[in-house]
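Peer 1: Data: entry_37.cif, mmCIF, C-alpha atoms and all ligand atoms.
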```cif
data_data
#
loop_
_atom_site.label_atom_id
_atom_site.label_comp_id
_atom_site.auth_asym_id
_atom_site.auth_seq_id
_atom_site.Cartn_x
_atom_site.Cartn_y
_atom_site.Cartn_z
CA MET M 1 22.85 -18.24 -60.52
CA ALA M 2 23.16 -20.87 -57.83
CA LEU M 3 25.75 -23.58 -57.91
CA PRO M 4 23.95 -26.61 -59.28
CA VAL M 5 22.30 -28.75 -56.67
CA LYS M 6 22.55 -32.40 -57.50
CA SER M 7 20.26 -35.09 -56.24
CA ALA M 8 21.55 -38.48 -55.22
CA GLY M 9 20.31 -41.58 -53.48
CA SER M 10 21.04 -40.95 -49.83
CA VAL M 11 21.33 -37.76 -47.83
CA MET M 12 25.03 -38.44 -47.39
CA SER M 13 25.56 -39.05 -51.08
CA ALA M 14 23.67 -35.95 -52.05
CA SER M 15 25.65 -33.86 -49.63
CA LEU M 16 29.01 -35.23 -50.66
CA ARG M 17 28.09 -34.38 -54.17
CA LEU M 18 27.25 -30.82 -53.39
CA VAL M 19 28.27 -31.00 -50.59
CA ALA M 20 26.15 -28.78 -45.72
CA VAL M 21 28.44 -20.29 -38.13
CA ARG M 22 29.84 -19.33 -37.42
CA ASN M 23 28.68 -16.33 -35.92
CA SER M 24 26.49 -16.50 -38.34
CA SER M 25 25.05 -13.61 -39.90
CA SER M 26 22.05 -13.21 -42.08
CA LYS M 27 24.49 -11.57 -44.50
CA PRO M 28 27.32 -14.05 -44.86
CA LYS M 29 30.78 -12.77 -45.58
CA VAL M 30 33.29 -14.98 -47.38
CA ALA M 31 36.96 -13.98 -47.59
CA VAL M 32 39.35 -15.40 -50.19
CA LEU M 33 43.04 -15.06 -49.26
CA GLY M 34 45.15 -15.43 -52.40
CA ALA M 35 42.34 -13.96 -54.48
CA SER M 36 44.48 -12.77 -57.41
CA GLY M 37 46.00 -16.15 -58.19
CA GLY M 38 45.32 -18.98 -60.58
CA ILE M 39 42.77 -20.49 -58.21
CA GLY M 40 41.73 -17.26 -56.50
CA GLN M 41 40.37 -15.55 -59.61
CA PRO M 42 38.05 -18.29 -60.90
CA LEU M 43 37.11 -19.09 -57.30
CA GLY M 44 36.07 -15.45 -56.88
CA LEU M 45 34.08 -15.71 -60.11
CA LEU M 46 32.15 -18.72 -58.83
CA LEU M 47 31.63 -17.28 -55.36
CA LYS M 48 30.35 -14.00 -56.82
CA GLN M 49 27.50 -16.07 -58.27
CA ASP M 50 26.67 -17.87 -55.02
CA PRO M 51 23.39 -16.38 -53.78
CA LEU M 52 24.29 -17.31 -50.19
CA ILE M 53 27.10 -14.75 -50.11
CA ALA M 54 26.37 -11.13 -49.22
CA HIS M 55 29.97 -9.90 -49.04
CA LEU M 56 32.90 -11.33 -50.98
CA SER M 57 36.15 -10.05 -49.50
CA LEU M 58 39.22 -10.45 -51.71
CA TYR M 59 42.70 -10.39 -50.19
CA ASP M 60 46.09 -10.84 -51.84
CA VAL M 61 49.52 -9.26 -51.72
CA VAL M 62 49.11 -8.03 -55.32
CA ASN M 63 46.50 -7.11 -57.95
CA THR M 64 43.43 -7.27 -55.73
CA PRO M 65 41.87 -3.96 -56.86
CA GLY M 66 41.74 -5.11 -60.48
CA VAL M 67 40.22 -8.49 -59.69
CA ALA M 68 37.66 -6.85 -57.39
CA ALA M 69 36.74 -4.15 -59.94
CA ASP M 70 36.23 -6.81 -62.59
CA LEU M 71 34.09 -9.09 -60.38
CA SER M 72 32.06 -6.18 -59.02
CA HIS M 73 30.63 -5.56 -62.50
CA ILE M 74 28.83 -8.92 -62.40
CA ASP M 75 25.12 -8.47 -61.71
CA SER M 76 24.81 -10.71 -58.68
CA ASN M 77 24.05 -9.57 -55.12
CA ALA M 78 27.37 -10.26 -53.39
CA LYS M 79 29.23 -7.02 -52.65
CA VAL M 80 32.94 -7.20 -53.42
CA SER M 81 35.75 -5.57 -51.45
CA ALA M 82 39.48 -5.50 -52.18
CA HIS M 83 42.26 -5.69 -49.58
CA THR M 84 45.93 -5.65 -50.49
CA GLY M 85 48.92 -6.53 -48.33
CA PRO M 86 49.32 -7.41 -44.66
CA ALA M 87 48.11 -4.02 -43.39
CA GLU M 88 44.69 -4.78 -44.91
CA LEU M 89 44.42 -8.43 -43.89
CA ALA M 90 42.54 -7.81 -40.64
CA ALA M 91 39.86 -5.82 -42.46
CA ALA M 92 39.63 -8.54 -45.10
CA VAL M 93 38.82 -11.27 -42.57
CA GLU M 94 37.00 -9.33 -39.85
CA GLY M 95 33.45 -10.64 -39.47
CA ALA M 96 33.97 -13.36 -42.07
CA ASP M 97 31.82 -16.46 -41.73
CA VAL M 98 33.96 -18.49 -44.12
CA ILE M 99 37.60 -17.91 -45.10
CA VAL M 100 39.05 -19.79 -48.07
CA ILE M 101 42.84 -19.83 -48.43
CA PRO M 102 44.44 -20.54 -51.83
CA ALA M 103 47.46 -18.27 -51.11
CA GLY M 104 50.85 -19.72 -51.93
CA VAL M 105 53.01 -21.14 -54.68
CA PRO M 106 51.95 -24.07 -56.89
CA ARG M 107 54.06 -27.01 -58.10
CA LYS M 108 56.13 -27.25 -61.25
CA PRO M 109 56.87 -30.58 -62.98
CA GLY M 110 59.19 -32.76 -60.91
CA MET M 111 58.12 -31.29 -57.56
CA THR M 112 56.12 -32.95 -54.81
CA ARG M 113 53.55 -31.02 -52.80
CA ASP M 114 55.93 -31.27 -49.84
CA ASP M 115 58.51 -29.32 -51.88
CA LEU M 116 56.16 -26.32 -51.46
CA PHE M 117 56.44 -26.47 -47.67
CA ASN M 118 59.32 -24.01 -47.31
CA THR M 119 57.41 -21.21 -49.02
CA ASN M 120 53.82 -22.00 -48.16
CA ALA M 121 54.15 -22.95 -44.49
CA GLY M 122 55.06 -19.38 -43.53
CA ILE M 123 52.28 -17.92 -45.68
CA VAL M 124 49.61 -20.05 -44.00
CA ARG M 125 51.07 -19.43 -40.54
CA ASP M 126 51.06 -15.66 -40.99
CA LEU M 127 47.54 -15.53 -42.44
CA CYS M 128 46.23 -17.74 -39.62
CA GLN M 129 47.88 -15.58 -36.95
CA THR M 130 45.63 -12.72 -38.00
CA ILE M 131 42.54 -14.91 -38.49
CA ALA M 132 43.01 -16.47 -35.05
CA LYS M 133 42.92 -12.99 -33.51
CA VAL M 134 40.42 -11.14 -35.69
CA ALA M 135 38.05 -13.86 -36.92
CA PRO M 136 38.42 -16.82 -34.54
CA LYS M 137 34.85 -17.99 -35.17
CA ALA M 138 35.19 -18.22 -38.95
CA LEU M 139 35.18 -21.56 -40.72
CA VAL M 140 38.61 -21.76 -42.37
CA ALA M 141 39.09 -23.82 -45.55
CA ILE M 142 42.74 -24.33 -46.47
CA ILE M 143 43.61 -25.07 -50.10
CA THR M 144 47.31 -24.18 -49.90
CA ASN M 145 49.65 -27.16 -50.32
CA PRO M 146 50.97 -29.25 -48.76
CA VAL M 147 47.50 -29.55 -47.18
CA ASN M 148 48.64 -32.52 -45.05
CA SER M 149 50.99 -30.08 -43.26
CA THR M 150 49.35 -26.66 -43.69
CA VAL M 151 46.25 -27.74 -41.75
CA PRO M 152 48.31 -28.81 -38.70
CA ILE M 153 50.17 -25.48 -39.03
CA ALA M 154 46.88 -23.58 -38.89
CA VAL M 155 45.75 -25.65 -35.89
CA GLU M 156 48.97 -24.91 -33.98
CA VAL M 157 48.63 -21.19 -34.67
CA PHE M 158 45.05 -21.16 -33.40
CA LYS M 159 46.09 -23.17 -30.32
CA LYS M 160 48.84 -20.66 -29.57
CA ALA M 161 46.35 -17.81 -29.89
CA GLY M 162 43.96 -19.61 -27.54
CA SER M 163 41.16 -19.65 -30.10
CA TYR M 164 41.33 -23.18 -31.51
CA ASP M 165 38.08 -24.97 -32.20
CA LYS M 166 38.67 -28.25 -34.00
CA ARG M 167 35.28 -28.03 -35.68
CA ARG M 168 36.30 -24.98 -37.70
CA ILE M 169 39.54 -25.73 -39.56
CA PHE M 170 39.42 -27.75 -42.79
CA GLY M 171 41.89 -28.93 -45.40
CA VAL M 172 40.08 -28.84 -48.73
CA THR M 173 40.16 -32.27 -50.39
CA THR M 174 37.07 -31.69 -52.51
CA LEU M 175 39.09 -31.79 -55.73
CA ASP M 176 39.95 -35.44 -55.04
CA VAL M 177 36.23 -36.16 -54.73
CA VAL M 178 35.42 -34.18 -57.88
CA ARG M 179 38.10 -36.00 -59.88
CA SER M 180 37.05 -39.41 -58.61
CA GLN M 181 33.48 -38.67 -59.65
CA ALA M 182 34.64 -37.50 -63.09
CA PHE M 183 36.87 -40.51 -63.71
CA VAL M 184 34.33 -43.06 -62.45
CA SER M 185 31.53 -41.61 -64.55
CA ASP M 186 33.84 -41.59 -67.61
CA LEU M 187 34.76 -45.22 -67.04
CA LYS M 188 31.32 -46.53 -66.18
CA GLY M 189 29.15 -44.26 -68.30
CA THR M 190 27.22 -43.08 -65.24
CA ASP M 191 25.66 -39.63 -64.91
CA ALA M 192 28.57 -37.50 -63.72
CA SER M 193 26.20 -35.12 -61.96
CA LYS M 194 24.87 -37.93 -59.75
CA THR M 195 27.97 -40.07 -59.21
CA VAL M 196 29.27 -39.88 -55.64
CA VAL M 197 32.68 -41.18 -54.53
CA PRO M 198 34.02 -40.50 -51.03
CA VAL M 199 37.77 -39.92 -50.77
CA VAL M 200 39.52 -40.28 -47.42
CA GLY M 201 43.04 -39.82 -46.00
CA GLY M 202 45.00 -36.73 -46.94
CA HIS M 203 45.84 -34.72 -50.06
CA ALA M 204 49.12 -36.03 -51.50
CA GLY M 205 50.08 -39.21 -53.33
CA ILE M 206 49.36 -42.39 -51.41
CA THR M 207 47.46 -40.51 -48.73
CA ILE M 208 44.65 -39.85 -51.25
CA ILE M 209 42.32 -42.85 -50.88
CA PRO M 210 39.23 -43.08 -53.08
CA LEU M 211 36.67 -45.47 -51.59
CA LEU M 212 35.48 -46.86 -54.91
CA SER M 213 33.53 -49.59 -53.10
CA GLN M 214 31.30 -46.85 -51.67
CA THR M 215 30.51 -45.31 -55.06
CA SER M 216 26.88 -44.31 -55.26
CA PRO M 217 24.70 -45.13 -57.11
CA LYS M 218 26.36 -48.54 -56.75
CA VAL M 219 28.66 -49.59 -59.59
CA SER M 220 30.95 -52.59 -59.65
CA PHE M 221 34.63 -52.51 -60.55
CA THR M 222 36.94 -55.34 -61.52
CA GLN M 223 40.14 -55.57 -59.46
CA PRO M 224 42.24 -54.45 -62.49
CA GLU M 225 39.93 -51.42 -62.87
CA ILE M 226 40.41 -50.54 -59.19
CA GLU M 227 44.17 -50.97 -59.47
CA LYS M 228 44.29 -48.62 -62.46
CA LEU M 229 41.82 -46.00 -61.25
CA THR M 230 43.17 -45.63 -57.72
CA PRO M 231 46.69 -44.45 -58.71
CA ARG M 232 45.20 -42.25 -61.43
CA ILE M 233 43.16 -40.43 -58.78
CA GLN M 234 46.18 -40.27 -56.45
CA ASP M 235 48.36 -38.79 -59.22
CA ALA M 236 45.73 -36.60 -60.87
CA GLY M 237 47.29 -33.40 -59.54
CA THR M 238 50.61 -34.40 -61.11
CA GLU M 239 48.80 -35.18 -64.38
CA VAL M 240 47.68 -31.52 -64.48
CA VAL M 241 51.07 -30.17 -63.34
CA ASN M 242 52.78 -32.07 -66.18
CA ALA M 243 50.18 -31.04 -68.76
CA LYS M 244 50.61 -27.38 -67.75
CA ALA M 245 54.35 -27.87 -68.21
CA GLY M 246 55.60 -25.25 -65.77
CA ALA M 247 52.57 -22.94 -65.85
CA GLY M 248 51.24 -24.13 -62.50
CA SER M 249 48.84 -26.77 -61.20
CA ALA M 250 45.08 -27.30 -61.22
CA THR M 251 43.27 -23.98 -60.98
CA LEU M 252 39.89 -24.28 -62.74
CA SER M 253 38.83 -27.63 -61.31
CA MET M 254 40.18 -26.47 -57.93
CA ALA M 255 38.15 -23.28 -58.11
CA LEU M 256 35.02 -25.35 -58.71
CA ALA M 257 35.94 -27.65 -55.84
CA GLY M 258 36.67 -24.70 -53.53
CA ALA M 259 33.40 -22.97 -54.42
CA ARG M 260 31.50 -26.20 -53.83
CA PHE M 261 33.13 -26.64 -50.44
CA ALA M 262 32.51 -23.01 -49.43
CA ASN M 263 28.87 -23.37 -50.49
CA SER M 264 28.63 -26.47 -48.26
CA LEU M 265 29.95 -24.51 -45.30
CA LEU M 266 27.51 -21.68 -45.94
CA ARG M 267 24.56 -24.03 -46.13
CA ALA M 268 25.74 -25.72 -42.92
CA LEU M 269 25.92 -22.33 -41.22
CA LYS M 270 22.30 -21.80 -42.11
CA GLY M 271 21.39 -25.02 -40.32
CA GLU M 272 21.27 -27.43 -43.23
CA LYS M 273 22.77 -30.85 -42.53
CA VAL M 274 25.47 -31.30 -45.14
CA VAL M 275 28.00 -34.10 -45.59
CA GLN M 276 31.35 -33.39 -47.18
CA CYS M 277 34.82 -34.94 -47.07
CA ALA M 278 37.60 -32.75 -45.65
CA TYR M 279 40.93 -33.15 -43.84
CA VAL M 280 40.43 -32.23 -40.19
CA GLU M 281 41.67 -33.11 -36.74
CA SER M 282 40.05 -36.50 -36.31
CA GLU M 283 40.16 -39.77 -34.40
CA ALA M 284 38.55 -41.65 -37.26
CA VAL M 285 41.64 -43.75 -37.94
CA LYS M 286 43.85 -45.15 -35.20
CA GLY M 287 47.40 -43.83 -34.98
CA VAL M 288 46.92 -40.51 -36.76
CA ASN M 289 45.41 -37.20 -35.59
CA PHE M 290 44.33 -35.68 -38.89
CA PHE M 291 42.34 -37.53 -41.53
CA SER M 292 39.83 -36.76 -44.22
CA THR M 293 36.55 -38.67 -44.02
CA PRO M 294 32.95 -37.74 -44.72
CA LEU M 295 31.90 -35.15 -42.12
CA GLU M 296 28.51 -33.99 -41.08
CA LEU M 297 28.63 -30.20 -41.16
CA GLY M 298 26.37 -27.83 -39.26
CA PRO M 299 26.21 -24.33 -37.78
CA ASN M 300 29.47 -24.80 -35.86
CA GLY M 301 31.44 -26.53 -38.60
CA VAL M 302 32.11 -30.23 -38.06
CA GLU M 303 29.13 -31.64 -36.15
CA LYS M 304 30.03 -35.30 -36.56
CA ILE M 305 32.95 -37.22 -38.03
CA LEU M 306 31.32 -40.03 -39.98
CA GLY M 307 34.48 -42.11 -40.41
CA VAL M 308 35.62 -44.28 -43.29
CA GLY M 309 32.63 -46.64 -43.17
CA LYS M 310 32.83 -50.18 -44.51
CA VAL M 311 35.97 -50.59 -46.63
CA THR M 312 37.38 -53.45 -48.68
CA PRO M 313 40.67 -55.17 -47.73
CA PHE M 314 42.32 -53.28 -50.65
CA GLU M 315 41.10 -49.93 -49.28
CA GLN M 316 42.10 -50.86 -45.73
CA LYS M 317 45.64 -51.53 -46.95
CA LEU M 318 45.74 -48.07 -48.53
CA ILE M 319 44.48 -46.51 -45.29
CA ASP M 320 47.14 -48.37 -43.28
CA ALA M 321 49.87 -47.25 -45.71
CA SER M 322 48.77 -43.61 -45.48
CA VAL M 323 49.17 -43.38 -41.70
CA PRO M 324 52.99 -43.17 -41.42
CA GLU M 325 53.13 -40.75 -44.36
CA LEU M 326 50.48 -38.51 -42.84
CA ASN M 327 52.20 -38.60 -39.46
CA LYS M 328 55.41 -37.38 -41.10
CA ASN M 329 53.57 -34.51 -42.82
CA ILE M 330 51.67 -33.61 -39.63
CA ALA M 331 54.80 -33.64 -37.44
CA LYS M 332 56.56 -31.35 -39.92
CA GLY M 333 53.71 -28.83 -39.74
CA VAL M 334 53.47 -28.94 -35.95
CA LYS M 335 57.24 -28.52 -35.58
CA PHE M 336 57.21 -25.52 -37.91
CA VAL M 337 55.00 -23.59 -35.48
CA SER M 338 55.89 -25.12 -32.15
CA GLY M 339 59.58 -25.79 -32.64
N1 LIG E 1 44.00 -28.44 -52.04
C1 LIG E 1 44.01 -28.71 -53.33
O1 LIG E 1 43.33 -29.62 -53.78
C2 LIG E 1 44.81 -27.88 -54.26
C3 LIG E 1 45.74 -26.99 -53.79
N2 LIG E 1 46.45 -26.19 -54.63
C4 LIG E 1 47.39 -25.24 -54.04
O2 LIG E 1 46.83 -23.94 -54.03
C5 LIG E 1 47.88 -22.96 -53.93
C6 LIG E 1 47.64 -21.82 -54.91
O3 LIG E 1 47.72 -22.26 -56.22
P1 LIG E 1 47.54 -21.25 -57.47
O4 LIG E 1 46.37 -20.37 -57.24
O5 LIG E 1 47.61 -22.04 -58.69
O6 LIG E 1 48.86 -20.37 -57.30
P2 LIG E 1 49.16 -18.89 -57.90
O7 LIG E 1 50.62 -18.66 -57.77
O8 LIG E 1 48.53 -18.75 -59.24
O9 LIG E 1 48.36 -17.95 -56.91
C7 LIG E 1 48.72 -17.82 -55.57
C8 LIG E 1 48.30 -16.45 -55.10
O10 LIG E 1 48.69 -16.36 -53.73
C9 LIG E 1 49.14 -15.03 -53.52
N3 LIG E 1 49.94 -14.94 -52.32
C10 LIG E 1 51.24 -15.27 -52.13
N4 LIG E 1 51.61 -15.00 -50.87
C11 LIG E 1 50.51 -14.50 -50.26
C12 LIG E 1 50.25 -14.04 -48.94
N5 LIG E 1 51.18 -14.02 -48.01
N6 LIG E 1 49.00 -13.61 -48.68
C13 LIG E 1 48.04 -13.63 -49.61
N7 LIG E 1 48.22 -14.05 -50.87
C14 LIG E 1 49.44 -14.48 -51.17
C15 LIG E 1 49.91 -14.69 -54.79
O11 LIG E 1 50.06 -13.29 -54.92
C16 LIG E 1 49.00 -15.30 -55.85
O12 LIG E 1 48.04 -14.37 -56.30
C17 LIG E 1 49.17 -23.73 -54.18
O13 LIG E 1 49.81 -23.98 -52.95
C18 LIG E 1 48.69 -25.05 -54.79
O14 LIG E 1 49.59 -26.11 -54.57
C19 LIG E 1 46.27 -26.25 -55.98
C20 LIG E 1 45.35 -27.12 -56.51
C21 LIG E 1 44.59 -28.04 -55.70
O1 LIG E 2 48.96 -31.24 -57.64
C1 LIG E 2 49.13 -30.10 -57.17
O2 LIG E 2 50.21 -29.61 -56.90
C2 LIG E 2 47.91 -29.29 -56.90
C3 LIG E 2 46.95 -30.12 -56.20
O3 LIG E 2 47.00 -30.30 -55.01
C4 LIG E 2 46.01 -30.93 -57.01
O4 LIG E 2 45.82 -30.64 -58.19
O5 LIG E 2 45.46 -31.88 -56.46
#
```
Would you mind writing the file out in structure tokens?
Peer 2:
Amino acid sequence: MALPVKSAGSVMSASLRLVAVRNSSSKPKVAVLGASGGIGQPLGLLLKQDPLIAHLSLYDVVNTPGVAADLSHIDSNAKVSAHTGPAELAAAVEGADVIVIPAGVPRKPGMTRDDLFNTNAGIVRDLCQTIAKVAPKALVAIITNPVNSTVPIAVEVFKKAGSYDKRRIFGVTTLDVVRSQAFVSDLKGTDASKTVVPVVGGHAGITIIPLLSQTSPKVSFTQPEIEKLTPRIQDAGTEVVNAKAGAGSATLSMALAGARFANSLLRALKGEKVVQCAYVESEAVKGVNFFSTPLELGPNGVEKILGVGKVTPFEQKLIDASVPELNKNIAKGVKFVSG
């Protein structure tokens, strides 16, 4: 069963909704690093059903054989392989077209995403050291928080290895888009499957900036609606963390978002023009080197950074406020690798 393809007004809207080489093979390989976790397992379930995937490679430090055995009994064409522990990481990622990384610890109530830095920074660094050597042409989609810092970490590792290509490393912000679309359609009674809301900036607190004025099909919001909806989207991750009360953060909605983003990358690899928001190295906004905006994706990853487009004064203020916060997060990531 394919992931549902939604239609929307413009090409960009349609792509954002669904989302568009590497190398790239006629038999795409997707690797999930952190495959046994709360996100990894349902993500594997969704990817196993994606007809674009020929080989689904599952890597974790624990429990991978069980997850792989379970998924391999599903009657879809993707072949599943299991890889456990650092000695098997190279085999897990070798030849991968797309690598999705949800490895790392999630938040508990009272924590910020930045509180995860001490544990997760080293995990992402170590995984990327191997990817940069063994699979430098893969498109790498980083879910692990704090995304605002883990993406710069990955970039520094690739630079050190001499295999950095800024078109190929992505911080996954798709869940912010998915949530915005859910909340807007709830509020406005629009068809959730056709509602498109771009989200720009980063993936933590005030750096998450839904561009409600660019909602498509067009809907209008009162200022009080905008002022209520915007912080709800920014704090939606915390809403889930608190509701799970110590049992982790968003996993199911994140798995959907991750599968949707991976499907976009796979379609782009095949030559389809796809537009999707993601956090990448970017000059879209002055004064900051990483920013999420709509991106045109193609066979080499990011083909074109589409920028934030026309924003309202309210949205511009949010963008301006995000810059110093993002710069702090980025500098912390860069320093972690480069000292
Ligand atoms: N970008 C986004 O929008 C979102 C990001 N997240 C982040 O995703 C990450 C994972 O969350 P969950 O799956 O809920 O956590 P989890 O704890 O349920 O699963 C994490 C998995 O990573 C594995 N792992 C730990 N160290 C590893 C290593 N060195 N190599 C490979 N695997 C390793 C663990 O064994 C575990 O199976 C967290 O950092 C969380 O904050 C969560 C939701 C949304
Ligand atoms: O809030 C968290 O810690 C997990 C996350 O990034 C999200 O759900 O957006």
Peer 1: Mind giving me the straight-line distance from CA of Lys137 in chain M to CA of Val30 in chain M in Å, one decimal?
Peer 2: 12.7 Å
Peer 1: Which residues form the shell of 8 Å around ligand LIG 2 (chain E) when you count only C-alpha atoms and all ligand atoms, given as a list in words?
Peer 2: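 The neighbouring residues of ligand LIG 2 (chain E) are, in order, Pro106, Arg107, Lys108, Thr112, Arg113, Ile143, Thr144, Asn145, Pro146, Val147, Leu175, Asp176, His203, Ala204, Asp235, Ala236, Gly237, Thr238, Glu239, Val240, Val241, Gly248, Ser249, Ala250, Thr251 and Met254 of chain M.
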Peer 1: By how many Å are CA of Pro294 in chain M and CA of Val178 in chain M apart?
Peer 2: 13.9 Å
Peer 1: Determine the nearest neighbour of ligand LIG 1 (chain E) from the options M:Asp97, M:Asp60, M:Asp114, M:Glu227, counting only C-alpha atoms and all ligand atoms.
Peer 2: M:Asp60
Peer 1: Using only C-alpha atoms and all ligand atoms, which of M:Val184, M:Ile74, M:Ala278, M:Leu229 sits nearest ligand LIG 1 (chain E)?
Peer 2: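 Of M:Val184, M:Ile74, M:Ala278, M:Leu229, the one nearest ligand LIG 1 (chain E), counting only C-alpha atoms and all ligand atoms, is M:Ala278.
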Peer 1: Between CA of Glu88 in chain M and CA of Ser264 in chain M, what is the distance, to one decimal in Å?
Peer 2: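 Going from CA of Glu88 in chain M over to CA of Ser264 in chain M covers 27.2 Å.
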Peer 1: Using all atoms listed in the file and a cutoff of 9 Å, can you tell me which residues are near (24.7, -11.1, -55.7) in the file's coordinates, and write them out as an NGL selection string?
Peer 2: :M and (1 or 48-55 or 74-79)
Peer 1: Mind listing as a ChimeraX atom specification all residues within 8 Å of (35.7, -46.5, -58.7), counting all atoms listed in the file?
Peer 2: /M:180,183-184,197,210-213,215,219-221,225-226,229-230
Peer 1: Give me the residues near Val98 in chain M as a PyMOL selection string, where near means some atom within 7 Å (using all atoms listed in the file) and where sequence neighbours in that chain fewer than 2 positions away do not count.
Peer 2: chain M and resi 29-31+96+100+138-140
Peer 1: Residues at most 12 Å from Asn118 in chain M, counting only C-alpha atoms, excluding those fewer than 6 positions away in the same chain, as a list in words?
Peer 2: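 Final neighbour list, sorted by chain and number: Gly104, Val105, Val124, Arg125, Asn145, Pro146, Ser149, Thr150, Lys332, Gly333 and Phe336 of chain M.
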Peer 1: Compile the contact shell of Ala331 in chain M as a ChimeraX atom specification: residues with an atom at most 12 Å away, counting all atoms listed in the file, same-chain residues fewer than 3 positions apart removed.
Peer 2: /M:148-153,156,288-290,324-328,334-339
Peer 1: Of the candidates M:Leu306, M:Ala132, M:Ile208, M:Val157, which shows the shortest atom-to-atom distance to ligand LIG 1 (chain E), using only C-alpha atoms and all ligand atoms?
Peer 2: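 Smallest separation from ligand LIG 1 (chain E) among the options: M:Ile208.
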Peer 1: Box for ligand LIG 1 (chain E) - axis-aligned, 3 Å on each of the six sides, all listed atoms - centre and size in Å to one decimal, as lines of an AutoDock Vina configuration file.
Peer 2:
```
center_x = 47.5
center_y = -21.5
center_z = -53.6
size_x = 14.3
size_y = 22.3
size_z = 17.2
```
Peer 1: Is it possible to produce a file of range 221-265 of chain M from this structure, with C-alpha atoms, as a PDB file, in the first residue's frame?
Peer 2:
```pdb
ATOM      1  CA  PHE M 221      -7.662  33.814  10.545  1.00  0.00           C
ATOM      2  CA  THR M 222      -8.505  36.516  13.053  1.00  0.00           C
ATOM      3  CA  GLN M 223      -5.512  37.947  14.929  1.00  0.00           C
ATOM      4  CA  PRO M 224      -6.687  36.269  18.188  1.00  0.00           C
ATOM      5  CA  GLU M 225      -6.870  32.930  16.315  1.00  0.00           C
ATOM      6  CA  ILE M 226      -3.312  33.415  15.031  1.00  0.00           C
ATOM      7  CA  GLU M 227      -2.074  34.361  18.483  1.00  0.00           C
ATOM      8  CA  LYS M 228      -3.608  31.212  19.976  1.00  0.00           C
ATOM      9  CA  LEU M 229      -2.713  28.756  17.219  1.00  0.00           C
ATOM     10  CA  THR M 230       0.915  29.807  16.774  1.00  0.00           C
ATOM     11  CA  PRO M 231       2.053  28.985  20.350  1.00  0.00           C
ATOM     12  CA  ARG M 232      -0.004  25.787  20.291  1.00  0.00           C
ATOM     13  CA  ILE M 233       1.973  24.625  17.243  1.00  0.00           C
ATOM     14  CA  GLN M 234       5.244  25.761  18.833  1.00  0.00           C
ATOM     15  CA  ASP M 235       4.462  23.845  22.043  1.00  0.00           C
ATOM     16  CA  ALA M 236       2.781  20.817  20.479  1.00  0.00           C
ATOM     17  CA  GLY M 237       5.738  18.548  21.235  1.00  0.00           C
ATOM     18  CA  THR M 238       5.507  19.526  24.907  1.00  0.00           C
ATOM     19  CA  GLU M 239       1.757  18.862  24.823  1.00  0.00           C
ATOM     20  CA  VAL M 240       2.541  15.244  23.867  1.00  0.00           C
ATOM     21  CA  VAL M 241       5.443  14.940  26.339  1.00  0.00           C
ATOM     22  CA  ASN M 242       3.149  16.059  29.179  1.00  0.00           C
ATOM     23  CA  ALA M 243       0.279  13.809  28.069  1.00  0.00           C
ATOM     24  CA  LYS M 244       2.658  10.813  27.969  1.00  0.00           C
ATOM     25  CA  ALA M 245       3.714  11.756  31.497  1.00  0.00           C
ATOM     26  CA  GLY M 246       7.236  10.340  31.465  1.00  0.00           C
ATOM     27  CA  ALA M 247       6.715   7.655  28.810  1.00  0.00           C
ATOM     28  CA  GLY M 248       8.453   9.644  26.075  1.00  0.00           C
ATOM     29  CA  SER M 249       7.501  12.105  23.357  1.00  0.00           C
ATOM     30  CA  ALA M 250       5.667  11.962  20.043  1.00  0.00           C
ATOM     31  CA  THR M 251       6.313   8.646  18.313  1.00  0.00           C
ATOM     32  CA  LEU M 252       3.294   7.770  16.144  1.00  0.00           C
ATOM     33  CA  SER M 253       2.768  11.166  14.544  1.00  0.00           C
ATOM     34  CA  MET M 254       6.560  11.441  14.169  1.00  0.00           C
ATOM     35  CA  ALA M 255       6.722   8.069  12.448  1.00  0.00           C
ATOM     36  CA  LEU M 256       4.108   9.263   9.959  1.00  0.00           C
ATOM     37  CA  ALA M 257       6.012  12.505   9.450  1.00  0.00           C
ATOM     38  CA  GLY M 258       9.320  10.653   9.009  1.00  0.00           C
ATOM     39  CA  ALA M 259       7.818   8.197   6.528  1.00  0.00           C
ATOM     40  CA  ARG M 260       6.275  11.063   4.577  1.00  0.00           C
ATOM     41  CA  PHE M 261       9.608  12.876   4.445  1.00  0.00           C
ATOM     42  CA  ALA M 262      11.511   9.730   3.422  1.00  0.00           C
ATOM     43  CA  ASN M 263       8.939   9.097   0.685  1.00  0.00           C
ATOM     44  CA  SER M 264       9.515  12.666  -0.551  1.00  0.00           C
ATOM     45  CA  LEU M 265      13.251  12.052  -0.760  1.00  0.00           C
TER      46      LEU M 265
END
```
